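Trainee: Below you'll find the structure I mean.
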Amino acid sequence: MKFQDGTHIRLRAPEQHGVATVGLRPGLGAHRLAVRIEAEPLHVTDGVTQLTLSGEIRAAEGIGWIGSFLPTLVPLRTKATSVAVDLVVPVTSAQLLALEEHRAGGDLAVLVDLQGTLPQSTAHPVAELQETYRVAASTWERQLESVGLTASFTVTVPLPMAHGPIRQAAEHLRTADRQITAGEYPDAIRETRLALSSMRKLGVWPSGGTKKRDDQDQADRYGILLDRITDQANGYADVIQAAFNQTSGPQHNDGAIASAAWTRADAVTLNALAAALLHRLSRETA
């Protein structure tokens, strides 16, 4: 920030290892979203001892306004070469969930509009800048867990595997994962279906079937998945059959399933289910 009176302040992301540029702390209904920056005075005009920072934060790519920062006072005459400050805005759980819908599994990007004011300056006391900050998806998801809005875990299916249907299934799931990241959700579901087909070829679990398949809509088939998982007595084979039926949806344009809209939520759900089943099946064939 360069001011009319000659004061020049450099603002940058924190350099300390492990310090999150955008941080989230839980509250009761509303939470504390903070953007951490470092202010380094390069030149400070006589009589000026402090800077006031304010501004707004928006989700990048035009999704819209999130909130206004609380005005923050930054001392300019200290022994340290720079001063770390947190620019804070209150956010609700509903806002965080809206951000999650927009983020769609990628890194979080926010656009920060900053205004700096020198209350002691005798010249025009205001300067402005705009900056985009990014937070890695894994870092942001851990912060969301801390406020109780998400829960996640990782199932690792080691690759490469030996050969045959097990390896084919794993490769299809890897392709589906890349397609989810690219936003190609129907294609990801098709790859998941191919993975399930490869798993069925092993014949480790007896194959079964679901009756009146053409009469099932999208909600019906997800219900069958839940029923099979809950009722362990029906066995893994029924779970695979139900998942196969659901992933067949994008292939068909008739019947009750034809009107279904296949979204990221569908692709992630089915891919994760298939990966979990492959994880278990690999133990049977080891």
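Residues are referred to by chain and number: the chain letter is A, B, ... according to the order shown in the structure tokens, the number counts from 1 in that chain, and ligands are numbered separately from 1 in the order shown.
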Using DSSP on the backbone coordinates, identify the residues of segment 58-203 of chain A assigned to helix (DSSP H, G or I); present them as a PyMOL selection string.

Mentor: chain A and resi 93-103+137-146+164-181+185-201

Trainee: List as a list of chain:residue names the protein and nucleic acid residues near segment 32-45 of chain A, meaning an atom at most 6 Å away when only C-alpha atoms are counted, but skip any in the same chain fewer than 5 places from it.

Mentor: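 Here the qualifying residues turn out to be A:Thr7, A:His8, A:Ile9, A:Arg10, A:Leu11, A:Arg12, A:Ala13, A:Pro14, A:Thr21, A:Val22, A:Gly23, A:Leu24, A:Arg25, A:Ser82, A:Val83, A:Ala84, A:Val85, A:Asp86, A:Leu87, A:Val88, A:Val89, A:Pro90.
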
Trainee: Could you name the residues that touch segment 114-121 of chain A at 12 Å or less, counting only C-alpha atoms, but leaving out those on the same chain fewer than 2 positions away, as a ChimeraX atom specification?

Mentor: /A:1-11,35,37,39,44-58,68-76,87,111-112,123-132

Trainee: Just want the 7 Å neighbourhood of Ala176 of chain A, counted on only C-alpha atoms, with same-chain residues fewer than 5 positions away dropped. Output as a list in words.

Mentor: Ala188, Ile189, Glu191 and Thr192 of chain A

Trainee: Only N, CA, C and O atoms, please: the residues just picked out, written as a short mmCIF file (atom, residue, chain, number, x, y, z; two decimals), in the first residue's frame.

Mentor:
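As written to disk, selection-v7.cif reads:
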```cif
data_model
loop_
_atom_site.label_atom_id
_atom_site.label_comp_id
_atom_site.auth_asym_id
_atom_site.auth_seq_id
_atom_site.Cartn_x
_atom_site.Cartn_y
_atom_site.Cartn_z
N ALA A 188 -17.62 -40.10 -14.44
CA ALA A 188 -17.04 -40.72 -13.25
C ALA A 188 -17.91 -41.87 -12.76
O ALA A 188 -17.40 -42.92 -12.33
N ILE A 189 -19.22 -41.69 -12.84
CA ILE A 189 -20.13 -42.76 -12.42
C ILE A 189 -20.01 -43.96 -13.36
O ILE A 189 -20.06 -45.11 -12.94
N GLU A 191 -17.28 -44.89 -14.93
CA GLU A 191 -16.05 -45.57 -14.56
C GLU A 191 -16.24 -46.39 -13.28
O GLU A 191 -15.69 -47.49 -13.13
N THR A 192 -17.01 -45.86 -12.34
CA THR A 192 -17.30 -46.60 -11.11
C THR A 192 -18.07 -47.87 -11.44
O THR A 192 -17.83 -48.93 -10.85
#
```

Trainee: I need the strand (DSSP E) residues of segment 8-164 of chain A per DSSP on the backbone, written as a ChimeraX atom specification.

Mentor: /A:8-12,22-25,30-43,50-59,64-68,72-75,83-92,108-117,126-135
